[in-house]
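Just below is one structure, and these are the notes that go with it.
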Amino acid sequence: MPQKIVAGNWKMNLSLTEGLDLVKGIDACERDQNVRTIVFPPALFVNAIGARASGEIEVGVQNFHPESEGAFTGELSIKQLKSAGATIGLIGHSERRAYFGESNAFLKEKVDAAVNNDFEFIFCCGEPLFIREKNGELDFVKNQLNESLFHLSAEQIQGKIIAYEPVWAIGTGRTASSAQAEDMHKAIRSWIVEKYDQATAESISILYGGSCNRSNANELFSCPNVDGGLIGGASLKADDFCSIINAF
Ligand code: PEP
């Protein structure tokens, strides 16, 4: 069975003090212990947030560079991030794709760097609105996965995490319906079966992201192929985030 996971992407929000308060609040609330809980603060705060979080909350990074060191001003390598306590990174978030020009080919490099450095990741995929409006979402997402993730061997892809995040639902308050989410998640799992096998497909958690909140999480998480959520705005308040964790 895929792991149940709820992850909070703080994006470029919160001061250090606010982040420390947030993680303290998440720690303090009663949470379903069967749900893996991960927070993605700004990289600058990873060390401090990790020191404040109990061992039950994992701390990851929103970005990393695929090279291990060198002249990449402003960037951070996996080795550096691991040394500060990060255990997992996001790859392919739509904001990195759109605002920082991260292509499928570059994301493949990040996937390979993560695998080679034993660094866990959540691979994000999802279609923009104009693609959904012409019913092209399945082909679009399949292509993202084919070009950046599905080159891994069955052994390498085992237990990995994918987040389906329709771009039109991120930060817009417009959530995908549970039927839309389930259709895509089911398709993703079927592509993994086709490319690898059933056991591999069942080892991979497929999270939904896009305006998921305390009111709609239960319906989304009730879908058979939705294994949790990648949460943006609603992860910035401890109560909301904990309600989402407890929504299974
Ligand atoms: C995200 O940024 O990954 C996200 C899902 O954001 P939001 O929940 O705010 O739509």
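Naming scheme: A, B, ... for chains in displayed order of the structure tokens; residues 1 onward per chain; ligands 1 onward as shown.
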
Check every protein, DNA and RNA residue against ligand 1, keep those with an atom at most 10 Å away (counting only C-alpha atoms and all ligand atoms), and present them as a PyMOL selection string.
chain A and resi 7-11+62+90+93-95+124+163-175+207-213+229-236

From a DSSP calculation on the backbone, collect every residue of stretch 26-236 of chain A in helix (DSSP H, G or I) and output the set as an MDAnalysis selection string.
chainID A and resid 26:28 43:52 78:83 94:99 104:116 129:133 137:148 154:157 167:169 178:195 198:203 217:221 233:235

Those selected residues, please, written with C-alpha atoms and delivered as a compact mmCIF listing (two decimals), in the first residue's frame.
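Generated file (result_2.txt):
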# COMPACT_ATOMS: atom_id res chain seq x y z
CA ILE A 26 1.78 21.41 14.18
CA ASP A 27 3.75 19.44 16.75
CA ALA A 28 1.28 20.34 19.45
CA ALA A 43 15.70 26.62 2.67
CA LEU A 44 17.26 29.30 4.87
CA PHE A 45 15.19 28.04 7.81
CA VAL A 46 15.56 24.28 7.31
CA ASN A 47 18.11 23.84 10.06
CA ALA A 48 16.21 25.84 12.67
CA ILE A 49 12.82 24.35 11.76
CA GLY A 50 14.30 20.85 11.86
CA ALA A 51 15.75 21.52 15.31
CA ARG A 52 12.36 22.74 16.57
CA ILE A 78 21.77 18.33 -2.09
CA LYS A 79 24.91 17.74 -0.05
CA GLN A 80 24.61 21.20 1.55
CA LEU A 81 20.90 20.79 2.20
CA LYS A 82 21.33 17.36 3.73
CA SER A 83 24.04 18.76 6.00
CA SER A 94 4.68 24.46 -11.38
CA GLU A 95 6.00 27.75 -9.99
CA ARG A 96 9.59 26.60 -10.62
CA ARG A 97 8.59 25.46 -14.10
CA ALA A 98 6.76 28.71 -14.93
CA TYR A 99 8.83 31.43 -13.20
CA ASN A 104 11.47 18.56 -18.25
CA ALA A 105 15.11 17.91 -19.19
CA PHE A 106 16.42 19.96 -16.25
CA LEU A 107 13.97 18.24 -13.90
CA LYS A 108 15.30 14.90 -15.09
CA GLU A 109 18.76 16.06 -13.99
CA LYS A 110 17.35 16.89 -10.57
CA VAL A 111 15.69 13.47 -10.34
CA ASP A 112 19.00 11.79 -11.18
CA ALA A 113 20.91 13.95 -8.70
CA ALA A 114 18.41 13.06 -5.97
CA VAL A 115 18.60 9.34 -6.74
CA ASN A 116 22.41 9.40 -6.88
CA LEU A 129 -5.73 25.55 -17.77
CA PHE A 130 -5.53 25.86 -21.56
CA ILE A 131 -4.48 22.22 -21.80
CA ARG A 132 -7.40 21.06 -19.61
CA GLU A 133 -9.79 23.18 -21.67
CA GLU A 137 -4.40 16.84 -19.53
CA LEU A 138 -3.65 13.11 -19.68
CA ASP A 139 -1.19 13.40 -22.56
CA PHE A 140 0.41 16.47 -21.00
CA VAL A 141 1.03 14.89 -17.60
CA LYS A 142 2.13 11.59 -19.11
CA ASN A 143 4.71 13.47 -21.15
CA GLN A 144 6.01 15.30 -18.05
CA LEU A 145 6.46 11.95 -16.30
CA ASN A 146 7.99 10.27 -19.33
CA GLU A 147 10.52 13.05 -19.86
CA SER A 148 11.63 13.54 -16.25
CA ALA A 154 11.94 -0.18 -11.25
CA GLU A 155 14.30 -0.40 -8.31
CA GLN A 156 15.01 3.35 -8.38
CA ILE A 157 11.39 4.44 -8.66
CA VAL A 167 -1.76 24.46 -12.38
CA TRP A 168 -5.21 26.07 -12.59
CA ALA A 169 -5.95 24.88 -9.05
CA SER A 178 -12.63 14.56 -6.56
CA ALA A 179 -13.61 12.91 -9.88
CA GLN A 180 -11.03 14.98 -11.80
CA ALA A 181 -8.35 14.18 -9.22
CA GLU A 182 -9.17 10.47 -9.13
CA ASP A 183 -9.21 10.21 -12.95
CA MET A 184 -5.69 11.63 -13.17
CA HIS A 185 -4.33 9.67 -10.19
CA LYS A 186 -5.77 6.44 -11.58
CA ALA A 187 -4.20 7.19 -14.96
CA ILE A 188 -0.81 7.89 -13.37
CA ARG A 189 -0.94 4.62 -11.47
CA SER A 190 -1.91 2.75 -14.64
CA TRP A 191 1.08 4.25 -16.50
CA ILE A 192 3.36 3.02 -13.71
CA VAL A 193 1.86 -0.48 -14.06
CA GLU A 194 2.39 -0.34 -17.84
CA LYS A 195 5.98 0.87 -17.56
CA GLN A 198 1.67 -3.56 -10.18
CA ALA A 199 3.85 -3.87 -7.08
CA THR A 200 5.87 -0.81 -8.10
CA ALA A 201 2.67 1.16 -8.77
CA GLU A 202 1.37 0.27 -5.31
CA SER A 203 4.61 1.40 -3.67
CA ALA A 217 -9.50 17.31 1.99
CA ASN A 218 -11.74 14.52 3.24
CA GLU A 219 -13.54 14.19 -0.10
CA LEU A 220 -10.28 14.27 -2.06
CA PHE A 221 -8.53 11.81 0.27
CA GLY A 233 -1.85 28.18 1.46
CA ALA A 234 -3.64 25.95 3.97
CA SER A 235 -0.33 24.67 5.35

Quick one: pick out all strand (DSSP E) residues within stretch 32-193 of chain A from a backbone DSSP run and write them as number ranges by chain.
A: 35-40, 57-61, 88-91, 120-125, 161-164

Excluding A:Ile162 and any residue of its chain fewer than 6 positions from it, enumerate the residues within 8 Å of it, using only C-alpha atoms, and give them as a JSON list (two decimals) with N, CA, C and O atoms, in the first residue's frame.
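File around_1.json, as written:
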[["chain", "number", "residue", "atom", "x", "y", "z"],
["A", 122, "ILE", "N", 9.61, 14.69, -3.90],
["A", 122, "ILE", "CA", 8.22, 14.64, -4.39],
["A", 122, "ILE", "C", 8.27, 15.23, -5.79],
["A", 122, "ILE", "O", 8.66, 16.39, -5.97],
["A", 123, "PHE", "N", 7.90, 14.44, -6.78],
["A", 123, "PHE", "CA", 7.92, 14.92, -8.16],
["A", 123, "PHE", "C", 6.54, 15.49, -8.52],
["A", 123, "PHE", "O", 5.53, 14.77, -8.50],
["A", 124, "CYS", "N", 6.50, 16.79, -8.83],
["A", 124, "CYS", "CA", 5.23, 17.45, -9.12],
["A", 124, "CYS", "C", 4.96, 17.50, -10.63],
["A", 124, "CYS", "O", 5.87, 17.75, -11.42],
["A", 125, "CYS", "N", 3.71, 17.27, -10.98],
["A", 125, "CYS", "CA", 3.30, 17.35, -12.38],
["A", 125, "CYS", "C", 1.90, 17.96, -12.42],
["A", 125, "CYS", "O", 1.23, 18.01, -11.40],
["A", 204, "ILE", "N", 4.10, 3.51, -4.80],
["A", 204, "ILE", "CA", 4.26, 4.95, -5.05],
["A", 204, "ILE", "C", 3.06, 5.73, -4.53],
["A", 204, "ILE", "O", 1.91, 5.43, -4.87],
["A", 205, "SER", "N", 3.34, 6.74, -3.71],
["A", 205, "SER", "CA", 2.25, 7.58, -3.20],
["A", 205, "SER", "C", 1.98, 8.68, -4.22],
["A", 205, "SER", "O", 2.92, 9.33, -4.70],
["A", 206, "ILE", "N", 0.70, 8.88, -4.53],
["A", 206, "ILE", "CA", 0.34, 9.94, -5.47],
["A", 206, "ILE", "C", -0.51, 10.96, -4.69],
["A", 206, "ILE", "O", -1.63, 10.66, -4.25],
["A", 207, "LEU", "N", 0.07, 12.14, -4.50],
["A", 207, "LEU", "CA", -0.59, 13.19, -3.71],
["A", 207, "LEU", "C", -1.34, 14.14, -4.64],
["A", 207, "LEU", "O", -0.94, 14.34, -5.78]]
